[in-house]
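Q: Below: one structure in structure tokens.
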Amino acid sequence: MSDFSISFSEVKSNQQYNSLKSKTEAQSLSDVSIFSADNNPDNAPKTLTKEELKTQKKQQKAEAKAERKRIANTPDGVIQGGKQGSTAGDCWLLAEMNSMSKTDWGKKALKEAITTDDEGNFTVHFKGINKDIKITKKEFEKAQKNSDYSSGDADALLLEIAVERHFSETNLNNGSIKGNDLAGEDSLQYLLTGKKGRQTYQSHEMEIVLKAMGEKSENNNGISATYIYHDNNPDNAGDMDHAMSIQRVILDDKGNIDKVVVLDSYHPEKTQELSYKTFINNVKLFGYVTTPEEKSK
């Protein structure tokens with residue numbers, strides 16, 4: 001485990017950083033005209049017949065299927081449902097990208113991470129270390145057929161391939177993406193932004209970070225957080241440590257942590273709400289990274 005020195009003051013600074021943006025977004029929502037189409041009764045949908053409802057449902061299913069296919073085959077800079085593969089052991093990587101996607105800076109970093117050329121080949125840009133990883137269309141399609149890798153999201157799969165290749169070339173984590181820390185020079189946040197983040201076993205530190213996330217739950221106060229617990233669910237890998245993404249923190253009326261909403265990369269279609277007591281009793285390692293500073297060009 002690496003030793004990182006990141007002050008708790010960074011968490012406080014993120015609260016200040018996001019306060020003005022939050023007010024602006026709230027004002028923008030309140031400025032919607034009462035004369036918009038959404039408020040015009042003339043545009044209210046008519047009552048559909050049974051046959052029309054059946055046709056509509058069929059069309060919606062076809063559109064949903066087409067959208068899933070697009071997400072699985074075309075990177076769009078958005079992480080949305082990559083399901084962990086069978087034996088890659090890279091839950092930490094999927095957890096980090098899922099958590100980054102809940103912050104403004106993480107969305108931006110992920111959006112800028114992958115480009116596609118005219119021939120359908122890809123480049124993954126590791127801005128944090130100034131390195132590009134080239135992935136051919138053929139290599140991508142081969143990985144799609146390999147059950148060791150994640151499925152369902154082209155962005156997640158391309159990041160997996162790129163991180164694995166980088167680790168192999170540099171012998172990071174013994175050249176393997178199987179099992180890893182939640183912060184440091186081998187973390188996704190570092191590869192994409194240059195910021196290592198921090199990991200801790202201390203419940204007091206976790207509480208400070210989680211409370212800050214709950215105070216600005218619309219973007220987690222600019223904090224991307226993950227954790228490791230021991231998973232004995234036979235439907236997953238079974239009886240081993242497993243990393244999860246923290247999607248949101250819910251505070252009670254007194255500002256104390258009530259629930260922690262998490263996402264399991266084995267089941268990315270739904271989140272889970274854990275009581276704070278359950279969360280803190282199960283966590284073995286906690287990792288987080290606050291908003292990285294923009295590098296001067």
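FYI, nothing fancy with the structure tokens labels: chains A, B, ... in order, residues from 1 per chain, ligands from 1 as they appear.
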Could you tell me, as a ChimeraX atom specification, which residues of segment 244-296 of chain A DSSP assigns to strand (DSSP E) when given the backbone?

A: /A:244-251,257-263,271-275,283-289

Q: So which bits of segment 26-248 of chain A end up helix (DSSP H, G or I) when you DSSP the backbone, as an mmCIF file with N, CA and C atoms, in the first residue's frame?

A:
```
data_model
loop_
_atom_site.group_PDB
_atom_site.id
_atom_site.type_symbol
_atom_site.label_atom_id
_atom_site.label_comp_id
_atom_site.auth_asym_id
_atom_site.auth_seq_id
_atom_site.Cartn_x
_atom_site.Cartn_y
_atom_site.Cartn_z
ATOM 1 N N ALA A 26 -29.506 25.734 -9.844
ATOM 2 C CA ALA A 26 -30.825 25.851 -9.246
ATOM 3 C C ALA A 26 -31.592 27.008 -9.877
ATOM 4 N N GLN A 27 -30.897 28.154 -10.119
ATOM 5 C CA GLN A 27 -31.517 29.307 -10.744
ATOM 6 C C GLN A 27 -31.971 28.975 -12.151
ATOM 7 N N SER A 28 -31.125 28.208 -12.870
ATOM 8 C CA SER A 28 -31.448 27.824 -14.242
ATOM 9 C C SER A 28 -32.715 27.002 -14.291
ATOM 10 N N LEU A 29 -32.885 26.092 -13.319
ATOM 11 C CA LEU A 29 -34.080 25.255 -13.276
ATOM 12 C C LEU A 29 -35.324 26.081 -12.983
ATOM 13 N N SER A 30 -35.185 27.140 -12.164
ATOM 14 C CA SER A 30 -36.329 27.946 -11.789
ATOM 15 C C SER A 30 -36.728 28.927 -12.876
ATOM 16 N N ALA A 37 -43.624 24.079 -23.661
ATOM 17 C CA ALA A 37 -44.502 23.006 -24.138
ATOM 18 C C ALA A 37 -44.934 22.085 -23.007
ATOM 19 N N ASP A 38 -44.064 21.907 -22.008
ATOM 20 C CA ASP A 38 -44.385 21.002 -20.913
ATOM 21 C C ASP A 38 -45.562 21.495 -20.080
ATOM 22 N N ASN A 39 -45.861 22.809 -20.171
ATOM 23 C CA ASN A 39 -46.932 23.380 -19.368
ATOM 24 C C ASN A 39 -48.175 23.717 -20.194
ATOM 25 N N PRO A 41 -51.483 22.594 -21.816
ATOM 26 C CA PRO A 41 -52.412 21.477 -21.788
ATOM 27 C C PRO A 41 -52.784 20.961 -23.163
ATOM 28 N N ASP A 42 -52.648 21.823 -24.194
ATOM 29 C CA ASP A 42 -52.979 21.386 -25.549
ATOM 30 C C ASP A 42 -52.041 20.293 -26.040
ATOM 31 N N ASN A 43 -50.856 20.207 -25.442
ATOM 32 C CA ASN A 43 -49.868 19.208 -25.849
ATOM 33 C C ASN A 43 -49.945 17.930 -25.009
ATOM 34 N N LYS A 50 -55.855 0.205 -27.042
ATOM 35 C CA LYS A 50 -55.103 -0.983 -26.646
ATOM 36 C C LYS A 50 -54.074 -1.355 -27.706
ATOM 37 N N GLU A 51 -54.476 -1.255 -28.965
ATOM 38 C CA GLU A 51 -53.561 -1.588 -30.062
ATOM 39 C C GLU A 51 -52.421 -0.578 -30.159
ATOM 40 N N GLU A 52 -52.727 0.691 -29.939
ATOM 41 C CA GLU A 52 -51.702 1.741 -29.979
ATOM 42 C C GLU A 52 -50.705 1.572 -28.829
ATOM 43 N N LEU A 53 -51.215 1.196 -27.662
ATOM 44 C CA LEU A 53 -50.331 0.945 -26.520
ATOM 45 C C LEU A 53 -49.392 -0.220 -26.795
ATOM 46 N N LYS A 54 -49.926 -1.258 -27.445
ATOM 47 C CA LYS A 54 -49.121 -2.422 -27.792
ATOM 48 C C LYS A 54 -48.025 -2.045 -28.778
ATOM 49 N N THR A 55 -48.366 -1.237 -29.764
ATOM 50 C CA THR A 55 -47.392 -0.776 -30.758
ATOM 51 C C THR A 55 -46.327 0.102 -30.105
ATOM 52 N N GLN A 56 -46.781 0.974 -29.199
ATOM 53 C CA GLN A 56 -45.849 1.869 -28.499
ATOM 54 C C GLN A 56 -44.855 1.081 -27.652
ATOM 55 N N LYS A 57 -45.359 0.076 -26.942
ATOM 56 C CA LYS A 57 -44.496 -0.740 -26.098
ATOM 57 C C LYS A 57 -43.468 -1.496 -26.934
ATOM 58 N N LYS A 58 -43.904 -2.007 -28.078
ATOM 59 C CA LYS A 58 -43.007 -2.728 -28.977
ATOM 60 C C LYS A 58 -41.911 -1.803 -29.509
ATOM 61 N N GLN A 59 -42.300 -0.586 -29.843
ATOM 62 C CA GLN A 59 -41.340 0.400 -30.343
ATOM 63 C C GLN A 59 -40.335 0.782 -29.262
ATOM 64 N N GLN A 60 -40.823 0.955 -28.032
ATOM 65 C CA GLN A 60 -39.940 1.310 -26.920
ATOM 66 C C GLN A 60 -38.929 0.208 -26.647
ATOM 67 N N LYS A 61 -39.356 -1.054 -26.738
ATOM 68 C CA LYS A 61 -38.440 -2.181 -26.535
ATOM 69 C C LYS A 61 -37.372 -2.215 -27.620
ATOM 70 N N ALA A 62 -37.785 -1.940 -28.870
ATOM 71 C CA ALA A 62 -36.837 -1.931 -29.983
ATOM 72 C C ALA A 62 -35.826 -0.798 -29.821
ATOM 73 N N GLU A 63 -36.297 0.366 -29.364
ATOM 74 C CA GLU A 63 -35.414 1.515 -29.154
ATOM 75 C C GLU A 63 -34.435 1.245 -28.023
ATOM 76 N N ALA A 64 -34.915 0.603 -26.951
ATOM 77 C CA ALA A 64 -34.043 0.276 -25.818
ATOM 78 C C ALA A 64 -32.968 -0.725 -26.231
ATOM 79 N N LYS A 65 -33.345 -1.698 -27.056
ATOM 80 C CA LYS A 65 -32.392 -2.697 -27.541
ATOM 81 C C LYS A 65 -31.328 -2.043 -28.421
ATOM 82 N N ALA A 66 -31.773 -1.129 -29.288
ATOM 83 C CA ALA A 66 -30.842 -0.418 -30.168
ATOM 84 C C ALA A 66 -29.880 0.457 -29.360
ATOM 85 N N GLU A 67 -30.385 1.063 -28.287
ATOM 86 C CA GLU A 67 -29.545 1.909 -27.443
ATOM 87 C C GLU A 67 -28.507 1.075 -26.689
ATOM 88 N N ARG A 68 -28.901 -0.088 -26.185
ATOM 89 C CA ARG A 68 -27.943 -0.977 -25.513
ATOM 90 C C ARG A 68 -26.846 -1.419 -26.477
ATOM 91 N N LYS A 69 -27.223 -1.699 -27.709
ATOM 92 C CA LYS A 69 -26.249 -2.098 -28.719
ATOM 93 C C LYS A 69 -25.280 -0.960 -29.019
ATOM 94 N N ARG A 70 -25.817 0.262 -29.093
ATOM 95 C CA ARG A 70 -24.956 1.423 -29.352
ATOM 96 C C ARG A 70 -23.954 1.616 -28.212
ATOM 97 N N ILE A 71 -24.434 1.536 -26.975
ATOM 98 C CA ILE A 71 -23.564 1.732 -25.814
ATOM 99 C C ILE A 71 -22.457 0.679 -25.777
ATOM 100 N N ALA A 72 -22.799 -0.553 -26.156
ATOM 101 C CA ALA A 72 -21.832 -1.654 -26.113
ATOM 102 C C ALA A 72 -20.785 -1.562 -27.219
ATOM 103 N N ASN A 73 -21.123 -0.900 -28.322
ATOM 104 C CA ASN A 73 -20.232 -0.904 -29.488
ATOM 105 C C ASN A 73 -19.591 0.435 -29.824
ATOM 106 N N CYS A 91 -12.404 -5.298 -10.436
ATOM 107 C CA CYS A 91 -13.526 -4.573 -9.843
ATOM 108 C C CYS A 91 -13.108 -3.178 -9.402
ATOM 109 N N TRP A 92 -11.866 -3.029 -8.940
ATOM 110 C CA TRP A 92 -11.355 -1.723 -8.506
ATOM 111 C C TRP A 92 -11.413 -0.711 -9.649
ATOM 112 N N LEU A 93 -11.098 -1.156 -10.875
ATOM 113 C CA LEU A 93 -11.070 -0.269 -12.037
ATOM 114 C C LEU A 93 -12.484 0.164 -12.423
ATOM 115 N N LEU A 94 -13.401 -0.789 -12.468
ATOM 116 C CA LEU A 94 -14.787 -0.470 -12.788
ATOM 117 C C LEU A 94 -15.409 0.403 -11.708
ATOM 118 N N ALA A 95 -15.065 0.129 -10.436
ATOM 119 C CA ALA A 95 -15.577 0.951 -9.337
ATOM 120 C C ALA A 95 -15.082 2.391 -9.470
ATOM 121 N N GLU A 96 -13.808 2.565 -9.826
ATOM 122 C CA GLU A 96 -13.259 3.914 -9.957
ATOM 123 C C GLU A 96 -13.924 4.681 -11.092
ATOM 124 N N MET A 97 -14.136 4.033 -12.239
ATOM 125 C CA MET A 97 -14.780 4.759 -13.347
ATOM 126 C C MET A 97 -16.241 5.062 -13.024
ATOM 127 N N ASN A 98 -16.935 4.145 -12.325
ATOM 128 C CA ASN A 98 -18.322 4.406 -11.938
ATOM 129 C C ASN A 98 -18.426 5.557 -10.946
ATOM 130 N N SER A 99 -17.462 5.669 -10.046
ATOM 131 C CA SER A 99 -17.475 6.761 -9.069
ATOM 132 C C SER A 99 -17.071 8.087 -9.716
ATOM 133 N N MET A 100 -16.084 8.052 -10.591
ATOM 134 C CA MET A 100 -15.684 9.270 -11.294
ATOM 135 C C MET A 100 -16.841 9.854 -12.092
ATOM 136 N N ASP A 104 -18.382 16.108 -11.626
ATOM 137 C CA ASP A 104 -18.237 16.918 -12.841
ATOM 138 C C ASP A 104 -16.862 16.721 -13.478
ATOM 139 N N TRP A 105 -15.816 16.736 -12.649
ATOM 140 C CA TRP A 105 -14.466 16.591 -13.204
ATOM 141 C C TRP A 105 -14.259 15.187 -13.766
ATOM 142 N N GLY A 106 -14.882 14.182 -13.132
ATOM 143 C CA GLY A 106 -14.758 12.811 -13.614
ATOM 144 C C GLY A 106 -15.450 12.622 -14.954
ATOM 145 N N LYS A 107 -16.635 13.206 -15.094
ATOM 146 C CA LYS A 107 -17.354 13.135 -16.374
ATOM 147 C C LYS A 107 -16.510 13.744 -17.488
ATOM 148 N N LYS A 108 -15.884 14.872 -17.184
ATOM 149 C CA LYS A 108 -15.049 15.554 -18.179
ATOM 150 C C LYS A 108 -13.846 14.695 -18.551
ATOM 151 N N ALA A 109 -13.189 14.110 -17.550
ATOM 152 C CA ALA A 109 -12.008 13.271 -17.806
ATOM 153 C C ALA A 109 -12.367 12.047 -18.637
ATOM 154 N N LEU A 110 -13.506 11.433 -18.335
ATOM 155 C CA LEU A 110 -13.949 10.252 -19.078
ATOM 156 C C LEU A 110 -14.353 10.630 -20.499
ATOM 157 N N LYS A 111 -14.967 11.795 -20.646
ATOM 158 C CA LYS A 111 -15.409 12.257 -21.965
ATOM 159 C C LYS A 111 -14.216 12.482 -22.889
ATOM 160 N N LYS A 127 -4.106 11.279 -19.874
ATOM 161 C CA LYS A 127 -3.643 12.661 -19.718
ATOM 162 C C LYS A 127 -2.727 12.824 -18.507
ATOM 163 N N GLY A 128 -3.008 12.063 -17.449
ATOM 164 C CA GLY A 128 -2.236 12.206 -16.216
ATOM 165 C C GLY A 128 -0.784 11.812 -16.353
ATOM 166 N N ILE A 129 -0.479 10.933 -17.319
ATOM 167 C CA ILE A 129 0.910 10.495 -17.519
ATOM 168 C C ILE A 129 1.390 10.807 -18.946
ATOM 169 N N LYS A 137 -9.694 -1.649 -34.031
ATOM 170 C CA LYS A 137 -11.077 -2.125 -34.044
ATOM 171 C C LYS A 137 -11.118 -3.642 -33.859
ATOM 172 N N LYS A 138 -10.164 -4.326 -34.479
ATOM 173 C CA LYS A 138 -10.100 -5.781 -34.381
ATOM 174 C C LYS A 138 -9.806 -6.223 -32.945
ATOM 175 N N GLU A 139 -8.904 -5.519 -32.262
ATOM 176 C CA GLU A 139 -8.576 -5.849 -30.873
ATOM 177 C C GLU A 139 -9.791 -5.623 -29.964
ATOM 178 N N PHE A 140 -10.518 -4.547 -30.234
ATOM 179 C CA PHE A 140 -11.716 -4.246 -29.452
ATOM 180 C C PHE A 140 -12.776 -5.337 -29.634
ATOM 181 N N GLU A 141 -13.012 -5.722 -30.865
ATOM 182 C CA GLU A 141 -14.024 -6.746 -31.154
ATOM 183 C C GLU A 141 -13.631 -8.101 -30.560
ATOM 184 N N LYS A 142 -12.331 -8.394 -30.540
ATOM 185 C CA LYS A 142 -11.859 -9.642 -29.925
ATOM 186 C C LYS A 142 -12.115 -9.626 -28.428
ATOM 187 N N ALA A 143 -11.862 -8.470 -27.792
ATOM 188 C CA ALA A 143 -12.077 -8.347 -26.347
ATOM 189 C C ALA A 143 -13.555 -8.459 -26.002
ATOM 190 N N GLN A 144 -14.415 -8.003 -26.907
ATOM 191 C CA GLN A 144 -15.856 -8.107 -26.667
ATOM 192 C C GLN A 144 -16.305 -9.563 -26.535
ATOM 193 N N ALA A 154 -18.861 0.170 -24.215
ATOM 194 C CA ALA A 154 -17.622 0.261 -24.985
ATOM 195 C C ALA A 154 -16.564 1.079 -24.263
ATOM 196 N N ASP A 155 -16.955 2.160 -23.584
ATOM 197 C CA ASP A 155 -15.992 3.001 -22.868
ATOM 198 C C ASP A 155 -15.293 2.208 -21.767
ATOM 199 N N ALA A 156 -16.076 1.473 -20.992
ATOM 200 C CA ALA A 156 -15.500 0.686 -19.899
ATOM 201 C C ALA A 156 -14.532 -0.363 -20.437
ATOM 202 N N LEU A 157 -14.910 -1.033 -21.511
ATOM 203 C CA LEU A 157 -14.061 -2.082 -22.086
ATOM 204 C C LEU A 157 -12.762 -1.501 -22.636
ATOM 205 N N LEU A 158 -12.831 -0.389 -23.334
ATOM 206 C CA LEU A 158 -11.626 0.222 -23.891
ATOM 207 C C LEU A 158 -10.677 0.695 -22.788
ATOM 208 N N LEU A 159 -11.225 1.226 -21.710
ATOM 209 C CA LEU A 159 -10.388 1.627 -20.575
ATOM 210 C C LEU A 159 -9.725 0.409 -19.939
ATOM 211 N N GLU A 160 -10.453 -0.690 -19.830
ATOM 212 C CA GLU A 160 -9.879 -1.937 -19.307
ATOM 213 C C GLU A 160 -8.688 -2.382 -20.153
ATOM 214 N N ILE A 161 -8.892 -2.432 -21.469
ATOM 215 C CA ILE A 161 -7.834 -2.891 -22.371
ATOM 216 C C ILE A 161 -6.609 -1.988 -22.245
ATOM 217 N N ALA A 162 -6.851 -0.674 -22.195
ATOM 218 C CA ALA A 162 -5.753 0.290 -22.142
ATOM 219 C C ALA A 162 -4.988 0.203 -20.824
ATOM 220 N N VAL A 163 -5.703 0.094 -19.708
ATOM 221 C CA VAL A 163 -5.040 -0.006 -18.400
ATOM 222 C C VAL A 163 -4.236 -1.300 -18.319
ATOM 223 N N GLU A 164 -4.813 -2.388 -18.801
ATOM 224 C CA GLU A 164 -4.105 -3.666 -18.790
ATOM 225 C C GLU A 164 -2.818 -3.578 -19.608
ATOM 226 N N ARG A 165 -2.881 -2.940 -20.771
ATOM 227 C CA ARG A 165 -1.687 -2.814 -21.608
ATOM 228 C C ARG A 165 -0.633 -1.933 -20.939
ATOM 229 N N HIS A 166 -1.082 -0.836 -20.322
ATOM 230 C CA HIS A 166 -0.148 0.052 -19.619
ATOM 231 C C HIS A 166 0.529 -0.674 -18.467
ATOM 232 N N PHE A 167 -0.235 -1.441 -17.698
ATOM 233 C CA PHE A 167 0.332 -2.193 -16.585
ATOM 234 C C PHE A 167 1.353 -3.209 -17.096
ATOM 235 N N SER A 168 1.039 -3.857 -18.197
ATOM 236 C CA SER A 168 1.942 -4.861 -18.759
ATOM 237 C C SER A 168 3.243 -4.221 -19.239
ATOM 238 N N GLU A 169 3.139 -3.051 -19.865
ATOM 239 C CA GLU A 169 4.317 -2.367 -20.403
ATOM 240 C C GLU A 169 5.220 -1.809 -19.311
ATOM 241 N N THR A 170 4.630 -1.439 -18.171
ATOM 242 C CA THR A 170 5.393 -0.794 -17.098
ATOM 243 C C THR A 170 5.594 -1.701 -15.880
ATOM 244 N N LEU A 172 3.459 -2.389 -13.677
ATOM 245 C CA LEU A 172 2.687 -1.921 -12.532
ATOM 246 C C LEU A 172 1.808 -3.066 -12.042
ATOM 247 N N ASN A 173 1.639 -3.168 -10.747
ATOM 248 C CA ASN A 173 0.800 -4.230 -10.163
ATOM 249 C C ASN A 173 1.188 -5.594 -10.727
ATOM 250 N N ASN A 174 2.501 -5.788 -10.899
ATOM 251 C CA ASN A 174 3.036 -7.035 -11.472
ATOM 252 C C ASN A 174 2.506 -7.305 -12.878
ATOM 253 N N GLY A 175 2.167 -6.209 -13.580
ATOM 254 C CA GLY A 175 1.721 -6.331 -14.963
ATOM 255 C C GLY A 175 0.310 -6.829 -15.136
ATOM 256 N N LEU A 188 -7.110 4.710 -11.806
ATOM 257 C CA LEU A 188 -7.647 5.317 -13.025
ATOM 258 C C LEU A 188 -7.651 6.832 -12.913
ATOM 259 N N GLN A 189 -7.978 7.359 -11.733
ATOM 260 C CA GLN A 189 -8.007 8.806 -11.587
ATOM 261 C C GLN A 189 -6.630 9.420 -11.859
ATOM 262 N N TYR A 190 -5.566 8.714 -11.471
ATOM 263 C CA TYR A 190 -4.221 9.229 -11.730
ATOM 264 C C TYR A 190 -3.897 9.177 -13.221
ATOM 265 N N LEU A 191 -4.233 8.074 -13.863
ATOM 266 C CA LEU A 191 -3.941 7.939 -15.293
ATOM 267 C C LEU A 191 -4.665 8.991 -16.111
ATOM 268 N N LEU A 192 -5.882 9.352 -15.716
ATOM 269 C CA LEU A 192 -6.677 10.299 -16.500
ATOM 270 C C LEU A 192 -6.484 11.756 -16.088
ATOM 271 N N THR A 193 -6.082 12.003 -14.835
ATOM 272 C CA THR A 193 -5.995 13.398 -14.369
ATOM 273 C C THR A 193 -4.661 13.767 -13.740
ATOM 274 N N SER A 203 -12.029 5.002 10.188
ATOM 275 C CA SER A 203 -13.461 5.306 10.089
ATOM 276 C C SER A 203 -13.735 6.801 10.245
ATOM 277 N N HIS A 204 -12.936 7.491 11.053
ATOM 278 C CA HIS A 204 -13.135 8.932 11.242
ATOM 279 C C HIS A 204 -12.905 9.678 9.934
ATOM 280 N N GLU A 205 -11.885 9.302 9.200
ATOM 281 C CA GLU A 205 -11.608 9.944 7.922
ATOM 282 C C GLU A 205 -12.713 9.630 6.914
ATOM 283 N N MET A 206 -13.186 8.390 6.914
ATOM 284 C CA MET A 206 -14.283 8.016 6.017
ATOM 285 C C MET A 206 -15.516 8.872 6.303
ATOM 286 N N GLU A 207 -15.804 9.072 7.588
ATOM 287 C CA GLU A 207 -16.985 9.845 7.979
ATOM 288 C C GLU A 207 -16.899 11.278 7.461
ATOM 289 N N ILE A 208 -15.726 11.895 7.564
ATOM 290 C CA ILE A 208 -15.539 13.267 7.081
ATOM 291 C C ILE A 208 -15.824 13.348 5.583
ATOM 292 N N VAL A 209 -15.281 12.407 4.839
ATOM 293 C CA VAL A 209 -15.437 12.410 3.385
ATOM 294 C C VAL A 209 -16.882 12.136 2.989
ATOM 295 N N LEU A 210 -17.498 11.140 3.605
ATOM 296 C CA LEU A 210 -18.874 10.775 3.266
ATOM 297 C C LEU A 210 -19.852 11.903 3.595
ATOM 298 N N LYS A 211 -19.650 12.576 4.714
ATOM 299 C CA LYS A 211 -20.512 13.712 5.061
ATOM 300 C C LYS A 211 -20.395 14.812 4.013
ATOM 301 N N ALA A 212 -19.174 15.078 3.575
ATOM 302 C CA ALA A 212 -18.971 16.100 2.545
ATOM 303 C C ALA A 212 -19.679 15.715 1.252
ATOM 304 N N MET A 213 -19.639 14.434 0.901
ATOM 305 C CA MET A 213 -20.331 13.957 -0.299
ATOM 306 C C MET A 213 -21.838 14.156 -0.174
ATOM 307 N N GLY A 214 -22.376 13.876 1.026
ATOM 308 C CA GLY A 214 -23.805 14.004 1.246
ATOM 309 C C GLY A 214 -24.300 15.430 1.230
ATOM 310 N N GLU A 215 -23.434 16.370 1.554
ATOM 311 C CA GLU A 215 -23.825 17.777 1.574
ATOM 312 C C GLU A 215 -24.044 18.344 0.175
ATOM 313 N N ASN A 220 -21.691 14.786 -5.613
ATOM 314 C CA ASN A 220 -20.851 14.214 -4.549
ATOM 315 C C ASN A 220 -19.760 15.164 -4.079
ATOM 316 N N ASN A 221 -20.057 16.475 -4.200
ATOM 317 C CA ASN A 221 -19.113 17.496 -3.725
ATOM 318 C C ASN A 221 -17.754 17.376 -4.406
ATOM 319 N N GLY A 222 -17.765 16.848 -5.635
ATOM 320 C CA GLY A 222 -16.508 16.700 -6.366
ATOM 321 C C GLY A 222 -15.632 15.567 -5.872
#
```

Q: Which is closest to Val261 of chain A among A:Val249, A:Ile280, A:Ala113, A:Ile79, if we use only C-alpha atoms?

A: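 Result for the nearest residue to Val261 of chain A: A:Val249.
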